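S.K.: I'd like to ask you about the structure that follows.
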Amino acid sequence: MRKKGDHSHVMHFRLTICIVLGILCLKGFAQEPLSYKLFCPDNNFRPFAVYSGIGASYTMAKTERSFFNTDVSSTTSYSVELDALSNTSLGAEVGGMFIFKRSFVRFLDFGFNYRQVSGGEQVMATRTSGGDVSYPDLIESEGQFKYHRASVRINMQSVLQMGEASFFHLGPGLTITETLGQKSEYEIELLDLQTDFPNKPSFTDVNMMAGIGFRVGPGRFFNIYAHTSVMSLTKDEPWATSETIYNSMYKNSYIGFRFIWVKGTPDRVCPAMSPNRGGSRLGRKRLQSDFYPW
């Protein structure tokens with residue numbers, strides 16, 4: 001059993017790794033004025049943006065196809081082939097970002113993510129020769145699982161501008177995940193294999209996020225990105241970012257496609273051209289159509 005003091009040391013170690021990882025990933029990408037002007041080229045833009053998008057939740061099977069023998073009686077055994085199945089499901093994400101001008105963290109990216117985590121396991125067992133013929137010659141089964149998960153994510157992102165209208169971003173962050181629902185279908189006769197579906201409570205991970213973005217209009221960007229867990233803050237083993245489901249190991253990652261809108265400045269009056277002097281007001285309707293998603 002882990003002692004309380006040992007748990008405290010493990011937490012301190014994990015937090016130290018997070019800090020070092022963040023500094024190493026972010027510091028080298030700092031381009032103070034250049035990448036900031038890509039998002040906020042002039043005073044018509046505020047250093048804040050909102051985004052929304054959809055994505056693919058990819059659950060990768062980490063366990064390789066395995067072969068083994070198992071006894072079902074004193075006289076009969078089966079040769080078993082077990083294959084974990086990867087799968088891709090849907091996801092969506094909405095959020096915002098604060099854009100910083102004089103910092104190696106170009107923007108602080110935060111959002112709410114929903115994703116499905118799904119996969120399966122396939123079993124084929126053949127009765128070995130000389131066994132009891134009352135047992136079936138072949139046993140085949142396939143199990144399927146699906147989790148519905150919601151998470152809150154926050155990432156520090158540094159930006160490397162790649163051209164006049166494109167950029168690369170990278171940075172670490174935290175993800176707090178809650179399982180909303182789950183579904184399982186798996187039945188195997190005779191074989192002594194795990195078919196119970198494990199409950200997955202909330203958990204917290206350190207994640208790494210990276211992507212590439214393109215400006216598609218004034219204050220508007222299209223971003224392709226991915227984030228995945230690199231360290232656990234709630235499991236006994238800090239590097240155990242994979243999950244054991246049934247008899248196999250799986251790891252989930254998210255690939256997203258989102259539109260980003262940089263917020264425009266509010267309606268304002270130019271003192272030199274105020275209405276009292278025969279001037280005109282900068283129209284809110286035009287400003288919103290240029291810089292707002294709504």
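How things are named: the first chain in the structure tokens is A, the next is B, and so on; residues count from 1 in each chain; ligands count from 1 in the order shown.
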Would you give me, as a PyMOL selection string, the residues in segment 194-267 of chain A that DSSP reads as strand (DSSP E or B)?
M.R.: chain A and resi 203-217+220-232+243-245+248-264
S.K.: Can you build me a table of segment 88-136 of chain A residues sitting at most 12 Å from segment 170-185 of chain A, with the closest atom pair per residue and its distance in Å to one decimal, using only C-alpha atoms, sorted by chain and residue number, as CSV?
M.R.:
residue,atom,partner,partner_atom,distance
A:Phe104,CA,A:Gly171,CA,10.7
A:Val105,CA,A:Gly171,CA,8.6
A:Arg106,CA,A:Leu170,CA,10.0
A:Phe107,CA,A:Gly171,CA,9.8
A:Leu108,CA,A:Gly173,CA,9.5
A:Asp109,CA,A:Gly173,CA,8.9
A:Phe110,CA,A:Gly173,CA,9.3
A:Gly111,CA,A:Thr175,CA,9.7
A:Phe112,CA,A:Thr175,CA,9.7
A:Asn113,CA,A:Thr177,CA,9.0
A:Tyr114,CA,A:Thr177,CA,9.5
A:Arg115,CA,A:Thr179,CA,9.9
A:Gln116,CA,A:Gln182,CA,9.4
A:Val117,CA,A:Gln182,CA,9.2
A:Ser118,CA,A:Lys183,CA,9.3
A:Gly119,CA,A:Ser184,CA,10.0
A:Gly120,CA,A:Glu185,CA,9.2
A:Glu121,CA,A:Glu185,CA,10.3
A:Gln122,CA,A:Glu185,CA,11.8
S.K.: Would you mind exporting the chosen residues as a short mmCIF file (atom, residue, chain, number, x, y, z; two decimals), in the first residue's frame, restricted to all heavy atoms?
M.R.:
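Full text of part06.cif as output:
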data_model
loop_
_atom_site.label_atom_id
_atom_site.label_comp_id
_atom_site.auth_asym_id
_atom_site.auth_seq_id
_atom_site.Cartn_x
_atom_site.Cartn_y
_atom_site.Cartn_z
N PHE A 104 6.14 34.33 -24.07
CA PHE A 104 6.44 33.17 -24.91
C PHE A 104 5.22 32.26 -25.04
O PHE A 104 5.18 31.38 -25.88
CB PHE A 104 7.66 32.39 -24.39
CG PHE A 104 7.48 31.82 -23.01
CD1 PHE A 104 6.85 30.60 -22.82
CD2 PHE A 104 7.98 32.49 -21.90
CE1 PHE A 104 6.71 30.07 -21.56
CE2 PHE A 104 7.84 31.96 -20.65
CZ PHE A 104 7.20 30.74 -20.47
N VAL A 105 4.20 32.49 -24.19
CA VAL A 105 2.90 31.84 -24.38
C VAL A 105 2.07 32.77 -25.26
O VAL A 105 1.65 33.83 -24.82
CB VAL A 105 2.19 31.59 -23.04
CG1 VAL A 105 0.82 30.96 -23.28
CG2 VAL A 105 3.03 30.71 -22.13
N ARG A 106 1.88 32.39 -26.52
CA ARG A 106 1.18 33.29 -27.43
C ARG A 106 -0.30 33.34 -27.12
O ARG A 106 -0.92 34.39 -27.15
CB ARG A 106 1.39 32.86 -28.89
CG ARG A 106 0.66 33.71 -29.91
CD ARG A 106 1.08 35.18 -29.83
NE ARG A 106 2.49 35.36 -30.09
CZ ARG A 106 3.30 36.07 -29.29
NH1 ARG A 106 2.82 36.65 -28.20
NH2 ARG A 106 4.58 36.19 -29.57
N PHE A 107 -0.92 32.17 -26.83
CA PHE A 107 -2.31 32.21 -26.40
C PHE A 107 -2.61 31.09 -25.42
O PHE A 107 -1.98 30.04 -25.42
CB PHE A 107 -3.30 32.19 -27.58
CG PHE A 107 -3.13 31.06 -28.56
CD1 PHE A 107 -3.68 29.81 -28.32
CD2 PHE A 107 -2.47 31.26 -29.76
CE1 PHE A 107 -3.56 28.78 -29.24
CE2 PHE A 107 -2.35 30.24 -30.69
CZ PHE A 107 -2.88 29.00 -30.42
N LEU A 108 -3.56 31.37 -24.55
CA LEU A 108 -4.06 30.41 -23.57
C LEU A 108 -5.37 29.86 -24.12
O LEU A 108 -6.36 30.56 -24.24
CB LEU A 108 -4.28 31.08 -22.22
CG LEU A 108 -4.68 30.15 -21.07
CD1 LEU A 108 -3.53 29.22 -20.73
CD2 LEU A 108 -5.07 30.98 -19.84
N ASP A 109 -5.34 28.59 -24.47
CA ASP A 109 -6.44 27.93 -25.18
C ASP A 109 -7.25 27.12 -24.16
O ASP A 109 -6.70 26.25 -23.47
CB ASP A 109 -5.83 27.02 -26.25
CG ASP A 109 -6.86 26.36 -27.15
OD1 ASP A 109 -7.96 26.06 -26.67
OD2 ASP A 109 -6.55 26.13 -28.32
N PHE A 110 -8.54 27.40 -24.05
CA PHE A 110 -9.38 26.64 -23.11
C PHE A 110 -10.68 26.25 -23.82
O PHE A 110 -11.16 26.96 -24.71
CB PHE A 110 -9.70 27.46 -21.86
CG PHE A 110 -10.42 28.75 -22.13
CD1 PHE A 110 -11.81 28.81 -22.08
CD2 PHE A 110 -9.73 29.91 -22.44
CE1 PHE A 110 -12.48 29.98 -22.34
CE2 PHE A 110 -10.39 31.09 -22.70
CZ PHE A 110 -11.78 31.13 -22.65
N GLY A 111 -11.22 25.10 -23.45
CA GLY A 111 -12.42 24.66 -24.13
C GLY A 111 -13.10 23.50 -23.46
O GLY A 111 -12.59 22.90 -22.51
N PHE A 112 -14.28 23.21 -23.99
CA PHE A 112 -15.09 22.08 -23.55
C PHE A 112 -15.15 21.08 -24.69
O PHE A 112 -15.46 21.43 -25.82
CB PHE A 112 -16.50 22.55 -23.17
CG PHE A 112 -17.45 21.43 -22.85
CD1 PHE A 112 -17.45 20.84 -21.60
CD2 PHE A 112 -18.33 20.96 -23.81
CE1 PHE A 112 -18.33 19.80 -21.31
CE2 PHE A 112 -19.21 19.93 -23.53
CZ PHE A 112 -19.20 19.35 -22.28
N ASN A 113 -14.84 19.84 -24.39
CA ASN A 113 -14.74 18.80 -25.41
C ASN A 113 -15.69 17.65 -25.10
O ASN A 113 -15.79 17.21 -23.95
CB ASN A 113 -13.30 18.28 -25.50
CG ASN A 113 -13.14 17.12 -26.48
OD1 ASN A 113 -13.34 15.97 -26.12
ND2 ASN A 113 -12.77 17.44 -27.70
N TYR A 114 -16.41 17.20 -26.13
CA TYR A 114 -17.20 15.96 -26.02
C TYR A 114 -16.64 14.98 -27.05
O TYR A 114 -16.36 15.34 -28.20
CB TYR A 114 -18.67 16.20 -26.31
CG TYR A 114 -19.42 14.90 -26.60
CD1 TYR A 114 -19.81 14.07 -25.55
CD2 TYR A 114 -19.67 14.50 -27.90
CE1 TYR A 114 -20.45 12.86 -25.80
CE2 TYR A 114 -20.32 13.30 -28.17
CZ TYR A 114 -20.71 12.49 -27.11
OH TYR A 114 -21.32 11.30 -27.36
N ARG A 115 -16.50 13.72 -26.62
CA ARG A 115 -16.01 12.71 -27.55
C ARG A 115 -16.56 11.33 -27.18
O ARG A 115 -16.93 11.08 -26.01
CB ARG A 115 -14.49 12.66 -27.56
CG ARG A 115 -13.88 12.06 -26.29
CD ARG A 115 -12.38 11.99 -26.37
NE ARG A 115 -11.76 13.28 -26.14
CZ ARG A 115 -10.44 13.46 -26.14
NH1 ARG A 115 -9.64 12.45 -26.43
NH2 ARG A 115 -9.93 14.64 -25.89
N GLN A 116 -16.62 10.48 -28.17
CA GLN A 116 -16.93 9.08 -27.96
C GLN A 116 -15.63 8.29 -28.03
O GLN A 116 -14.81 8.51 -28.92
CB GLN A 116 -17.90 8.57 -29.02
CG GLN A 116 -19.25 9.26 -29.01
CD GLN A 116 -20.13 8.81 -30.16
OE1 GLN A 116 -19.72 8.03 -31.00
NE2 GLN A 116 -21.37 9.31 -30.19
N VAL A 117 -15.45 7.41 -27.06
CA VAL A 117 -14.28 6.54 -27.02
C VAL A 117 -14.78 5.12 -27.25
O VAL A 117 -15.50 4.56 -26.41
CB VAL A 117 -13.53 6.64 -25.68
CG1 VAL A 117 -12.35 5.68 -25.64
CG2 VAL A 117 -13.08 8.07 -25.44
N SER A 118 -14.44 4.52 -28.38
CA SER A 118 -14.99 3.22 -28.72
C SER A 118 -13.91 2.31 -29.30
O SER A 118 -12.91 2.76 -29.86
CB SER A 118 -16.14 3.36 -29.73
OG SER A 118 -15.69 3.97 -30.92
N GLY A 119 -14.13 1.03 -29.16
CA GLY A 119 -13.19 0.04 -29.67
C GLY A 119 -13.77 -1.36 -29.49
O GLY A 119 -14.97 -1.51 -29.24
N GLY A 120 -12.94 -2.34 -29.59
CA GLY A 120 -13.45 -3.70 -29.46
C GLY A 120 -12.34 -4.71 -29.28
O GLY A 120 -11.15 -4.38 -29.22
N GLU A 121 -12.77 -5.95 -29.20
CA GLU A 121 -11.85 -7.07 -29.04
C GLU A 121 -12.43 -8.29 -29.75
O GLU A 121 -13.62 -8.58 -29.61
CB GLU A 121 -11.63 -7.35 -27.56
CG GLU A 121 -10.50 -8.28 -27.25
CD GLU A 121 -10.28 -8.39 -25.74
OE1 GLU A 121 -11.04 -9.15 -25.11
OE2 GLU A 121 -9.39 -7.70 -25.22
N GLN A 122 -11.60 -8.96 -30.49
CA GLN A 122 -12.05 -10.11 -31.28
C GLN A 122 -11.31 -11.37 -30.82
O GLN A 122 -10.09 -11.35 -30.65
CB GLN A 122 -11.77 -9.85 -32.77
CG GLN A 122 -12.52 -10.73 -33.73
CD GLN A 122 -12.35 -10.25 -35.16
OE1 GLN A 122 -11.22 -10.07 -35.64
NE2 GLN A 122 -13.44 -10.01 -35.85
#
S.K.: Can you pull out every residue within 7 Å of segment 232-240 of chain A, counting only C-alpha atoms, but drop anything in the same chain fewer than 3 positions away, and send it as a VMD selection string?
M.R.: chain A and resid 203 to 206
S.K.: Can you work out which one of A:Phe221, A:Phe98, A:Thr70, A:Ser103 has the shortest atom-to-atom distance to Arg46 of chain A, counting only C-alpha atoms?
M.R.: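 Nearest candidate to Arg46 of chain A out of A:Phe221, A:Phe98, A:Thr70, A:Ser103: A:Phe98.
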S.K.: Excluding Pro41 of chain A and any residue of its chain fewer than 5 positions from it, enumerate the residues within 12 Å of it, using only C-alpha atoms, and give them as a list in words.
M.R.: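 Skipping anything fewer than 5 positions along the chain leaves Pro33, Leu34, Ser35, Tyr36, Arg46, Pro47, Lys101, Glu164, Ala165, Pro218, Gly219, Val262 and Gly264 of chain A.
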S.K.: Just how far from atom CA of Ile212 of chain A is atom CA of His169 of chain A, in Å to one decimal?
M.R.: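 We find that atom CA of His169 of chain A and atom CA of Ile212 of chain A lie 6.3 Å from each other.
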